[in-house]
Amino acid sequence: MLTIRNASFAYSQRRVLHSVTMQIERGRTCLLIGRNGSGKSSLLRLAAGLRAPTAGSVQWCEREISAIAPVLRAKSVAWVAQRSMLAIDVTARDVIELGAEHGAASISADALLEELALEPLAGRRFHELSGGEQQRCIVARALRQHADAGLLVLDEPLANLDPAEVVRVIGALRRRCKRGAVVIAAMHDLALADEWADDVALLDGGSLIAFGPAKRVLEPSVLASAFGCDFGVRSAALAVRLPRGA
Amino acid sequence: MIAIRSKGWGWIALGAALFTAVAARLLIGRDPSTGSWMFGVPEQEIISLRFGAVQSGAAAGAALGLSGLLLQALLRNPLASPFILGLSAGAGLGATLAAWLPIAATGTAAVFVGTDALLPGTIGAVGVLSLVFLLGRRSGVLDPLTLVLAGTVVASMCGAITLLVQSMMPSTSRGELWSWFMGQVPELPRSVPWWNTVAILVIVLLAASWRARDLDLASAGDDEAESLGVAVGPLRLGLFVGAGALAATSVALCGPIAFVGFMAPHLARALLGGLHGALVPASAVAGAAILIWSDAIRQGIDFGSGRLPIGVLTALVGGPVFLLMLRSARLRRGDWSC
């Protein structure tokens, strides 16, 4: 279980998170939504233990997550950055294998290549892949690192992915949740969030203004107050349909 | 350069480069009376001198190559080299001050001897390294960009002070100092600095090989590396100390030689790919091969005023390679390949 209690965070003198409190049970997916600069990425860094809160606490399995040594934390907590900055010339398979070095490595690279349809790319140079292909490799690296029933922290993991790959990646993440993992991710596609999320956390100006089941938070009136624009429900809207039970 | 995907072929190519470099340095010479090239096994006295140069070139080249790789990993910058942190400028300032102080104290013109640069050069390099280390920290953490900027500024200041001091020296004292500045591969390497270089090289090589996988992970950036299980702060400190010690000891042995530390890691990457398990030893081998080859080639280049200084040769070759990489579109995208 991921427990965030009154967590605040500041870069130098600039506070970016104000007393955020939320709890995500095992097997659930929580999506963070909010305007640009609302504090989603900062909250994800706290959740991954990469930053310590300036006040409050962020606990994973009842331990302060930022106090766990990186080599131990890597066995149960995996993080996907908004944009990966890999500075070595290696193949897609090499990138995925990086997750196994200190991670749990509970699934083989071959199985992940198959699960995320990356086999044709396995021997290609990472830097020559498209943005979406690179993103799938980084997600695969996190899954290679990840232990069953671990914590997956993802900053816009679906950015640059085409609809088929969105379905594939969400399917892979849902399968981890069924085995007891906790998924926390930031995203901007509200229709997709409605389809995918168990819980939604709505941030505005660094404060958590709504948290709960997706159907409750993704209400036009709630969203309008955070985003400052009107929302409506269009039954004929074209959107990716996620397979039930995937 | 075309990457050779088979590691076996990559190692064979590197081994061949080193073997031919050693053979060339041992067998190629120049007839001092006619100025013509000579190829063949010379008499015992000459071969032992050439073997001494191979020893010096191998130790200093390997140290520079490995130092360059560690700095590029430390800074996540493929253009980094031992000289970007101002070590050569620091060593040069130390040597210049060592040559000038006796003159200033006694008022008599002394002739600078190359080996005099060993101790003050090392002190200067290590002093600059420490200063850059202090200046390159932000909020208690080494910051790659601040580190590079600090190195550049400190190197400029050391260069200015060096020129000022040299302008106050009599012209008779400048000649040997200048030749040391342009790099020398000694044919009779002093035992202590040579063994220092070899000892530091072996220690850093073993430590870097042990942490090679963490160097791969650290290439993903601080947050990603930490999320993958790397304690970034201690790793960075180790890289800084290891790279600095290697550069300082090679400067003490051979003087400041530009671009070997820059070119060697790129040659190794082109042959063996980007993973540090192979890159760590390969960069050392590539550095040795480049420096020994450069020393062999310069034996035959004489424009009438003596053999071409090795630092000039490596700068003439390495400078365009550096500029080509700077212009490379791949590099601007963050691709480290050649």
# chains A, B, ... in the order shown; residues from 1 in each chain; ligands from 1
$ residues_around --residues "Ala10 (chain A)" --least-positions-apart "6" --cutoff "9 Å" --atoms "only C-alpha atoms" --output "PyMOL selection string"
chain A and resi 16-18+53-54
$ write_last_selection --atoms "C-alpha atoms" --output "PDB file, in the first residue's frame"
ATOM      1  CA  VAL A  16       5.119  22.876  -5.436  1.00  0.00           C
ATOM      2  CA  LEU A  17       3.075  20.523  -3.278  1.00  0.00           C
ATOM      3  CA  HIS A  18       0.887  21.468  -0.327  1.00  0.00           C
ATOM      4  CA  PRO A  53       8.934  15.464   1.251  1.00  0.00           C
ATOM      5  CA  THR A  54       9.803  18.716   3.005  1.00  0.00           C
TER       6      THR A  54
END
$ closest_atom_pairs --of "chain B" --to "chain A" --cutoff "9 Å" --atoms "only C-alpha atoms" --output "JSON lines"
{"residue": "B:Ala73", "atom": "CA", "partner": "A:Ala87", "partner_atom": "CA", "distance": 8.7}
{"residue": "B:Arg76", "atom": "CA", "partner": "A:Ala87", "partner_atom": "CA", "distance": 6.5}
{"residue": "B:Asn77", "atom": "CA", "partner": "A:Ala87", "partner_atom": "CA", "distance": 8.2}
{"residue": "B:Pro78", "atom": "CA", "partner": "A:Ala87", "partner_atom": "CA", "distance": 8.7}
{"residue": "B:Arg213", "atom": "CA", "partner": "A:Glu101", "partner_atom": "CA", "distance": 7.4}
{"residue": "B:Asp214", "atom": "CA", "partner": "A:Glu101", "partner_atom": "CA", "distance": 8.4}
{"residue": "B:Asp216", "atom": "CA", "partner": "A:Ile88", "partner_atom": "CA", "distance": 7.3}
{"residue": "B:Leu217", "atom": "CA", "partner": "A:Leu98", "partner_atom": "CA", "distance": 6.6}
{"residue": "B:Ala218", "atom": "CA", "partner": "A:Leu86", "partner_atom": "CA", "distance": 8.6}
{"residue": "B:Ser219", "atom": "CA", "partner": "A:Ala87", "partner_atom": "CA", "distance": 5.0}
{"residue": "B:Ala220", "atom": "CA", "partner": "A:Leu86", "partner_atom": "CA", "distance": 4.1}
{"residue": "B:Gly221", "atom": "CA", "partner": "A:Met85", "partner_atom": "CA", "distance": 6.2}
{"residue": "B:Asp223", "atom": "CA", "partner": "A:Leu50", "partner_atom": "CA", "distance": 6.5}
{"residue": "B:Glu224", "atom": "CA", "partner": "A:Ala81", "partner_atom": "CA", "distance": 7.0}
{"residue": "B:Glu226", "atom": "CA", "partner": "A:Pro70", "partner_atom": "CA", "distance": 5.8}
{"residue": "B:Ser227", "atom": "CA", "partner": "A:Ala74", "partner_atom": "CA", "distance": 5.9}
{"residue": "B:Leu228", "atom": "CA", "partner": "A:Ala74", "partner_atom": "CA", "distance": 5.4}
{"residue": "B:Gly229", "atom": "CA", "partner": "A:Val71", "partner_atom": "CA", "distance": 4.0}
{"residue": "B:Val230", "atom": "CA", "partner": "A:Pro70", "partner_atom": "CA", "distance": 5.9}
{"residue": "B:Ala231", "atom": "CA", "partner": "A:Pro70", "partner_atom": "CA", "distance": 6.0}
{"residue": "B:Arg269", "atom": "CA", "partner": "A:Asp89", "partner_atom": "CA", "distance": 8.2}
{"residue": "B:Gly273", "atom": "CA", "partner": "A:Asp89", "partner_atom": "CA", "distance": 6.5}
{"residue": "B:Gly274", "atom": "CA", "partner": "A:Asp89", "partner_atom": "CA", "distance": 4.8}
{"residue": "B:Leu275", "atom": "CA", "partner": "A:Val90", "partner_atom": "CA", "distance": 7.0}
{"residue": "B:Arg330", "atom": "CA", "partner": "A:His127", "partner_atom": "CA", "distance": 8.8}
{"residue": "B:Arg333", "atom": "CA", "partner": "A:His127", "partner_atom": "CA", "distance": 8.5}
{"residue": "B:Gly334", "atom": "CA", "partner": "A:Ala87", "partner_atom": "CA", "distance": 6.1}
{"residue": "B:Asp335", "atom": "CA", "partner": "A:Asp89", "partner_atom": "CA", "distance": 6.4}
{"residue": "B:Trp336", "atom": "CA", "partner": "A:Asp89", "partner_atom": "CA", "distance": 5.7}
{"residue": "B:Ser337", "atom": "CA", "partner": "A:Asp89", "partner_atom": "CA", "distance": 5.7}
$ write_last_selection --atoms "N, CA and C atoms" --output "mmCIF file, in the first residue's frame"
data_model
loop_
_atom_site.group_PDB
_atom_site.id
_atom_site.type_symbol
_atom_site.label_atom_id
_atom_site.label_comp_id
_atom_site.auth_asym_id
_atom_site.auth_seq_id
_atom_site.Cartn_x
_atom_site.Cartn_y
_atom_site.Cartn_z
ATOM 1 N N ALA B 73 31.271 9.672 -18.641
ATOM 2 C CA ALA B 73 30.191 9.054 -17.861
ATOM 3 C C ALA B 73 29.754 9.975 -16.726
ATOM 4 N N ARG B 76 27.968 12.869 -18.378
ATOM 5 C CA ARG B 76 27.020 12.463 -19.419
ATOM 6 C C ARG B 76 27.189 13.363 -20.637
ATOM 7 N N ASN B 77 28.448 13.576 -20.958
ATOM 8 C CA ASN B 77 28.775 14.492 -22.046
ATOM 9 C C ASN B 77 29.862 13.849 -22.897
ATOM 10 N N PRO B 78 29.539 13.493 -24.155
ATOM 11 C CA PRO B 78 30.518 12.790 -24.994
ATOM 12 C C PRO B 78 31.692 13.658 -25.410
ATOM 13 N N ARG B 213 28.330 -1.797 -14.700
ATOM 14 C CA ARG B 213 26.890 -1.828 -14.945
ATOM 15 C C ARG B 213 26.215 -0.579 -14.369
ATOM 16 N N ASP B 214 26.729 -0.093 -13.238
ATOM 17 C CA ASP B 214 26.173 1.137 -12.671
ATOM 18 C C ASP B 214 26.474 2.335 -13.575
ATOM 19 N N ASP B 216 26.475 2.150 -16.801
ATOM 20 C CA ASP B 216 25.412 2.058 -17.816
ATOM 21 C C ASP B 216 24.123 2.690 -17.282
ATOM 22 N N LEU B 217 23.766 2.322 -16.059
ATOM 23 C CA LEU B 217 22.520 2.829 -15.471
ATOM 24 C C LEU B 217 22.591 4.340 -15.260
ATOM 25 N N ALA B 218 23.766 4.831 -14.863
ATOM 26 C CA ALA B 218 23.906 6.273 -14.598
ATOM 27 C C ALA B 218 23.763 7.097 -15.867
ATOM 28 N N SER B 219 23.924 6.469 -17.026
ATOM 29 C CA SER B 219 23.786 7.223 -18.276
ATOM 30 C C SER B 219 22.343 7.650 -18.514
ATOM 31 N N ALA B 220 21.410 7.122 -17.725
ATOM 32 C CA ALA B 220 20.001 7.454 -17.915
ATOM 33 C C ALA B 220 19.596 8.736 -17.180
ATOM 34 N N GLY B 221 20.521 9.357 -16.483
ATOM 35 C CA GLY B 221 20.165 10.554 -15.720
ATOM 36 C C GLY B 221 20.026 10.217 -14.244
ATOM 37 N N ASP B 223 17.805 10.805 -11.742
ATOM 38 C CA ASP B 223 16.588 10.223 -11.164
ATOM 39 C C ASP B 223 16.362 8.806 -11.671
ATOM 40 N N GLU B 224 16.533 8.609 -12.971
ATOM 41 C CA GLU B 224 16.334 7.264 -13.512
ATOM 42 C C GLU B 224 17.368 6.297 -12.947
ATOM 43 N N GLU B 226 18.895 6.476 -10.087
ATOM 44 C CA GLU B 226 18.568 6.159 -8.695
ATOM 45 C C GLU B 226 17.381 5.200 -8.624
ATOM 46 N N SER B 227 16.401 5.425 -9.513
ATOM 47 C CA SER B 227 15.240 4.520 -9.502
ATOM 48 C C SER B 227 15.642 3.111 -9.932
ATOM 49 N N LEU B 228 16.740 3.006 -10.665
ATOM 50 C CA LEU B 228 17.220 1.692 -11.101
ATOM 51 C C LEU B 228 18.181 1.072 -10.085
ATOM 52 N N GLY B 229 18.414 1.779 -8.974
ATOM 53 C CA GLY B 229 19.178 1.182 -7.883
ATOM 54 C C GLY B 229 20.579 1.711 -7.686
ATOM 55 N N VAL B 230 20.929 2.813 -8.343
ATOM 56 C CA VAL B 230 22.289 3.340 -8.225
ATOM 57 C C VAL B 230 22.326 4.474 -7.201
ATOM 58 N N ALA B 231 23.262 4.407 -6.275
ATOM 59 C CA ALA B 231 23.498 5.542 -5.370
ATOM 60 C C ALA B 231 24.358 6.540 -6.139
ATOM 61 N N ARG B 269 33.934 2.883 -28.363
ATOM 62 C CA ARG B 269 32.488 2.758 -28.590
ATOM 63 C C ARG B 269 32.193 2.302 -30.012
ATOM 64 N N GLY B 273 30.522 -0.943 -29.018
ATOM 65 C CA GLY B 273 29.202 -0.551 -28.527
ATOM 66 C C GLY B 273 29.297 0.278 -27.258
ATOM 67 N N GLY B 274 28.124 0.534 -26.653
ATOM 68 C CA GLY B 274 28.076 1.531 -25.592
ATOM 69 C C GLY B 274 28.091 1.021 -24.165
ATOM 70 N N LEU B 275 28.131 -0.303 -23.959
ATOM 71 C CA LEU B 275 28.071 -0.812 -22.590
ATOM 72 C C LEU B 275 29.446 -0.750 -21.935
ATOM 73 N N ARG B 330 23.660 13.552 -34.717
ATOM 74 C CA ARG B 330 23.381 12.514 -33.732
ATOM 75 C C ARG B 330 23.752 12.975 -32.334
ATOM 76 N N ARG B 333 21.411 15.099 -30.672
ATOM 77 C CA ARG B 333 20.253 14.370 -30.158
ATOM 78 C C ARG B 333 20.587 13.612 -28.894
ATOM 79 N N GLY B 334 21.880 13.575 -28.528
ATOM 80 C CA GLY B 334 22.254 12.820 -27.342
ATOM 81 C C GLY B 334 22.770 11.438 -27.670
ATOM 82 N N ASP B 335 22.948 11.130 -28.962
ATOM 83 C CA ASP B 335 23.462 9.824 -29.357
ATOM 84 C C ASP B 335 24.973 9.828 -29.201
ATOM 85 N N TRP B 336 25.505 8.845 -28.492
ATOM 86 C CA TRP B 336 26.925 8.823 -28.200
ATOM 87 C C TRP B 336 27.736 8.071 -29.244
ATOM 88 N N SER B 337 27.085 7.519 -30.234
ATOM 89 C CA SER B 337 27.844 6.695 -31.173
ATOM 90 C C SER B 337 28.655 7.564 -32.120
#
$ atom_distance --atom1 "CA of Arg83 (chain A)" --atom2 "CA of Leu267 (chain B)"
28.5 Å
$ residues_around --residues "Pro157 (chain A)" --least-positions-apart "2" --cutoff "8 Å" --atoms "only C-alpha atoms" --output "NGL selection string"
:A and (80-82 or 135 or 139 or 154-155 or 159 or 185-187)
$ write_last_selection --atoms "N, CA and C atoms" --output "PDB file, in the first residue's frame"
ATOM      1  N   VAL A  80       9.147   5.386 -14.327  1.00  0.00           N
ATOM      2  CA  VAL A  80       9.311   5.733 -15.748  1.00  0.00           C
ATOM      3  C   VAL A  80       9.225   7.245 -15.858  1.00  0.00           C
ATOM      4  N   ALA A  81      10.301   7.837 -16.396  1.00  0.00           N
ATOM      5  CA  ALA A  81      10.349   9.295 -16.502  1.00  0.00           C
ATOM      6  C   ALA A  81       9.489   9.779 -17.665  1.00  0.00           C
ATOM      7  N   GLN A  82       9.138  11.054 -17.599  1.00  0.00           N
ATOM      8  CA  GLN A  82       8.361  11.658 -18.677  1.00  0.00           C
ATOM      9  C   GLN A  82       9.130  11.557 -19.995  1.00  0.00           C
ATOM     10  N   GLN A 135       9.517   4.783 -25.756  1.00  0.00           N
ATOM     11  CA  GLN A 135       8.697   4.802 -24.541  1.00  0.00           C
ATOM     12  C   GLN A 135       8.309   3.386 -24.129  1.00  0.00           C
ATOM     13  N   VAL A 139       9.105   1.485 -20.610  1.00  0.00           N
ATOM     14  CA  VAL A 139       8.088   0.807 -19.796  1.00  0.00           C
ATOM     15  C   VAL A 139       8.493  -0.654 -19.583  1.00  0.00           C
ATOM     16  N   LEU A 154       4.749   6.029 -12.943  1.00  0.00           N
ATOM     17  CA  LEU A 154       4.962   6.334 -14.358  1.00  0.00           C
ATOM     18  C   LEU A 154       4.528   7.761 -14.675  1.00  0.00           C
ATOM     19  N   ASP A 155       5.415   8.532 -15.251  1.00  0.00           N
ATOM     20  CA  ASP A 155       5.109   9.925 -15.598  1.00  0.00           C
ATOM     21  C   ASP A 155       4.746   9.989 -17.084  1.00  0.00           C
ATOM     22  N   ALA A 159       2.523   8.728 -23.442  1.00  0.00           N
ATOM     23  CA  ALA A 159       2.869   9.804 -24.379  1.00  0.00           C
ATOM     24  C   ALA A 159       3.536   9.184 -25.609  1.00  0.00           C
ATOM     25  N   ALA A 185       0.244   6.914 -11.948  1.00  0.00           N
ATOM     26  CA  ALA A 185       0.735   7.495 -13.206  1.00  0.00           C
ATOM     27  C   ALA A 185       0.094   8.852 -13.430  1.00  0.00           C
ATOM     28  N   ALA A 186       0.832   9.703 -14.158  1.00  0.00           N
ATOM     29  CA  ALA A 186       0.282  10.999 -14.558  1.00  0.00           C
ATOM     30  C   ALA A 186      -0.151  10.916 -16.009  1.00  0.00           C
ATOM     31  N   MET A 187      -1.240  11.572 -16.347  1.00  0.00           N
ATOM     32  CA  MET A 187      -1.648  11.629 -17.750  1.00  0.00           C
ATOM     33  C   MET A 187      -2.595  12.798 -17.992  1.00  0.00           C
TER      34      MET A 187
END
$ residues_around --residues "region 170-177 of chain A" --least-positions-apart "3" --cutoff "9 Å" --atoms "only C-alpha atoms" --output "count of residues only"
24
$ select_by_dssp --residues "region 170-317 of chain B" --states "helix (DSSP H, G or I)" --output "PyMOL selection string"
chain B and resi 171-173+175-181+191-210+212-218+222-227+232-254+260-272+276-298+310-317
$ residues_around --residues "Ser19 (chain A)" --least-positions-apart "4" --cutoff "9 Å" --atoms "only C-alpha atoms" --output "PyMOL selection string"
chain A and resi 5-9+55-56+206-208
$ residues_around --residues "Gly277 (chain B)" --least-positions-apart "2" --cutoff "8 Å" --atoms "only C-alpha atoms" --output "VMD selection string"
chain B and resid 209 212 to 213 275 279 to 281
$ write_last_selection --atoms "N, CA and C atoms" --output "short mmCIF file (atom, residue, chain, number, x, y, z; two decimals), in the first residue's frame"
data_model
loop_
_atom_site.label_atom_id
_atom_site.label_comp_id
_atom_site.auth_asym_id
_atom_site.auth_seq_id
_atom_site.Cartn_x
_atom_site.Cartn_y
_atom_site.Cartn_z
N SER B 209 35.60 -1.44 -13.68
CA SER B 209 35.05 -2.68 -14.24
C SER B 209 34.02 -3.27 -13.28
N ALA B 212 30.89 -1.24 -13.66
CA ALA B 212 30.57 -0.92 -15.06
C ALA B 212 29.06 -0.87 -15.32
N ARG B 213 28.33 -1.80 -14.70
CA ARG B 213 26.89 -1.83 -14.95
C ARG B 213 26.22 -0.58 -14.37
N LEU B 275 28.13 -0.30 -23.96
CA LEU B 275 28.07 -0.81 -22.59
C LEU B 275 29.45 -0.75 -21.94
N LEU B 279 33.63 -1.20 -22.47
CA LEU B 279 34.23 0.12 -22.73
C LEU B 279 35.37 0.46 -21.77
N VAL B 280 35.26 0.02 -20.52
CA VAL B 280 36.28 0.39 -19.53
C VAL B 280 37.66 -0.12 -19.95
N PRO B 281 37.85 -1.44 -20.16
CA PRO B 281 39.18 -1.87 -20.60
C PRO B 281 39.49 -1.40 -22.02
#
$ residues_around --residues "Phe259 (chain B)" --least-positions-apart "4" --cutoff "12 Å" --atoms "only C-alpha atoms" --output "ChimeraX atom specification"
/B:61,64-65,67-68,79-84,88,183,247,263-266,287,290-291,294,310-323
$ closest_residue --among "A:Arg136, A:Arg15, A:Arg179, A:Arg144" --to "Asp162 (chain A)" --atoms "only C-alpha atoms"
A:Arg136
$ closest_residue --among "B:Leu97, B:Ala243, B:Ala270, B:Ala296" --to "Ile200 (chain B)" --atoms "only C-alpha atoms"
B:Ala243
$ atom_distance --atom1 "CA of Ala58 (chain B)" --atom2 "CA of Ala252 (chain B)"
14.3 Å
